[in-house]
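Structure first, then comments.
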Amino acid sequence: MSTAINNLNNKVVTTESAWVRYLLTGLALLLIAILLIVPLLSVFYEALHQGWGLYKDALIESDALSAIQLTLIVAAISLPLNLVFGVAAAWAIAKFDFKGKSILVTLIDLPFAVSPVVAGLIYVLLFGAHGWWGAWLMDNDIKIIFAVPGIVLATVFVTFPFVARELIPLMEAQGSDEEQAALVLGASGWQTFWHVTLPNIKWGLLYGVILANARAMGEFGAVSVISGHIRGMTNTIPLHVEILYNEYNFVAAFACASILALLALLTLALKSYVEWRTEQQAIEDRKHAIEAV
Amino acid sequence: MKFKQSSVLPGFNLALGYSLLYLSLIVLLPLTALFAKTMGLDWATFWAIVTEPRVVATYKVTFGASLIAALINLFVGMLIAWVLVRYPFPGKRFIDALVDLPFALPTAVAGIALATLYAPNGLMGEPLDKLGIKVAFTPLGIVLALTFITLPFVVRTVQPVLEDMERELEEAASSLGATRWQIFSKVILPTIFPALLTGFTLAFARAIGEFGSVIFIAGNMPFKSEITPLMIISKLEQYDYMGATAIAVVMLLVSFGLLLLINGLQWWMAKRLGRRK
């Protein structure tokens with residue numbers, strides 16, 4: 001519907017002459033082709049240009065498999081942690097008024113401003129051999145740095161804001177009328193949350209999780225500092241890609257990279273679907289509102 | 001004023017308490033550890049580390065390349081946002097979704113793809129090499145990687161503002177005799193200016209900390225194409241924890257400054273757009 005309105009508005013006075021339009025559209029598409037499409041396609045080309053056999057071998061090799069496994073484990077632990085935090089933070093921030101709220105919102109965004117390398121370093125300083133708790137951890141034989149817990153921590157840090165920053169504006173816009181109605185009608189706090197709030201925020205929640213997942217599985221800098229690059233042990237897919245690439249094993253490097261590129265494409269597709277669903281829901285809501293009047 | 005306004009909704013203490021605890025454990029405590037560690041250094045030593053010539057060279061490379069990349073994206077991003085909002089063309093939905101690719105594609109993948117493409121024997125590198133332009137393993141390669149990684153920022157900040165712009169303003173300007181270029185520079189540009197500036201700053205802030213996409217294409221030559229995040233890693237690899245920490249503190253302070261600037265810009269943008277309604 002919005003395109004129809006746009007077309008109506010596209011009178012001569014508010015658009016450019018045809019050749020300017022074609023020139024600008026062409027230029028924009030050319031830039032997108034050079035900057036985005038060519039690099040993306042080159043990943044698949046480099047991975048496959050010596051045939052399926054080598055491609056398959058690179059992916060079923062045991063170090064590659066353990067990298068894939070570790071990446072999945074790390075995402076499976078870090079996402080729920082940030083999901084629970086995101087919902088809790090959004091509930092407090094969007095549904096209540098309290099002092100220092102804007103400071104809290106800024107602090108939640110902080111991990112996006114920190115360089116991934118610094119994000120990895122801070123955990124090395126806490127848990128590393130020379131760190132605050134390094135000696136104690138060593139005495140008790142607990143490994144965090146150069147082990148899976150460290151990788152999880154770094155991943156939690158870099159994906160920290162995704163869910164919260166998606167939910168805060170959404171829940172603020174929705175207000176708390178529906179929750180108040182549910183409570184007045186006798187629902188308990190948890191019932192209200194599960195049956196009223198959660199259905200309202202599910203698409204926003206999914207959106208945040210999709211973006212966080214892409215970052216969690218693809219994070220390089222932070223994980224690189226903390227993992228120690230132990231093959232078959234603490235290598236995630238991006239780290240495995242780096243090692244293969246530095247060994248001039250380009251086909252294998254790009255084969256593993258192609259899984260991540262597919263993940264990126266899947267992320268974009270899901271993201272577009274969720275955006276479309278959200279749009280549909282907004283249109284539906286508006287219809288109901290008009291009918292109600 | 002009380003700490004909290006009263007409300008019938010439950011769960012405030014639990015939600016806020018948990019959020020603060022989690023935030024402190026994951027973000028605030030580790031960042032504090034970084035600053036505490038530098039307290040172990042006296043000022044003169046700290047200053048000597050962060051102004052060591054090789055380190056200063058990395059600042060120049062990092063800030064210079066980030067600034068150029070953000071400037072490139074100021075124009076490229078505005079063009080793409082403009083075309084996506086204003087002109088119809090086939091496959092628009094697909095292209096619109098694809099703009100976010102740099103956010104979704106892991107940085108290491110972007111890094112090896114660009115390094116291979118722009119190497120002297122690569123698909124893009126070979127013709128450029130014949131023209132005498134070397135991209136891979138030079139600062140130009142760093143600019144390229146940072147341009148890729150920060151491409152979506154300006155597009156995504158400008159696009160919604162352009163979509164919400166009222167065409168009536170342009171019609172009014174036109175009926176008063178303004179040319180299309182005058183309308184663009186005097187009506188449209190001032191409206192999207194805060195968004196452009198926000199997108200530019202976001203891109204710059206992201207570029208400064210970027211690591212994965214850059215190291216493969218940069219060549220990492222001291223004094224020439226070494227970036228500051230790499231400096232932190234090479235200090236760490238030499239077990240120079242103090243050196244790594246000191247440089248990290250410098251980067252962190254710059255990031256904090258930029259974060260405050262971005263918050264200020266967004267507040268300004270909301271205020272300007274709000275007033276127009």
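Residues in the structure tokens are numbered from 1 in each chain, the chains being A, B, ... in the order shown, and ligands are numbered from 1 in the order shown.
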
*asked:* Distance limit 6 Å, atoms considered: only C-alpha atoms. Which chain B residues sit that close to chain A? Return them as a VMD selection string.
replied: chain B and resid 3 to 5 10 12 15 to 16 19 30 34 80 83 104 to 106 109 113 209 211 to 212 248 255

*Quick one: DSSP helix (DSSP H, G or I) residues in region 60-291 of chain A, as an MDAnalysis selection string?*
chainID A and resid 60 62:95 101:113 116:127 134:139 148:158 162:174 177:184 189:218 221:227 237:246 250:291

_Pick from A:Pro161, A:Gly51, A:Gly186, A:Gly150, whichever lies nearest to Tyr22 (chain B) using only C-alpha atoms_ =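 Of A:Pro161, A:Gly51, A:Gly186, A:Gly150, the one nearest Tyr22 (chain B), counting only C-alpha atoms, is A:Pro161.
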
*asked:* What's around region 62-78 of chain B at 8 Å? Count only C-alpha atoms, leave out sequence neighbours fewer than 2 positions away in its own chain, and write the answer as a ChimeraX atom specification.
replied: /A:28,31 /B:58-60,80-82,139-140,142-144,146-147,150-155,158,196,199-201,203-204,207-208,226-228

*Considering only C-alpha atoms, return as a count of residues only whatever protein or nucleic-acid residues lie within 9 Å of Ala173 (chain A), sequence-local ones (same chain, fewer than 4 positions apart) excluded.*
3

*Tell me, as a ChimeraX atom specification, which residues lie within 6 Å of Ala255 (chain A), counting only C-alpha atoms; anything in the same chain fewer than 3 positions away does not count.*
/A:47,55,251-252,258

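We find CA of Ala119 (chain B) and CA of Val223 (chain A) to be spaced 26.6 Å apart.
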
*Using only C-alpha atoms, determine which residues lie at most 8 Å from Lys134 (chain B), disregarding the query and same-chain residues fewer than 5 positions distant; provide the list as a VMD selection string.*
chain B and resid 120 125 128 to 129 140
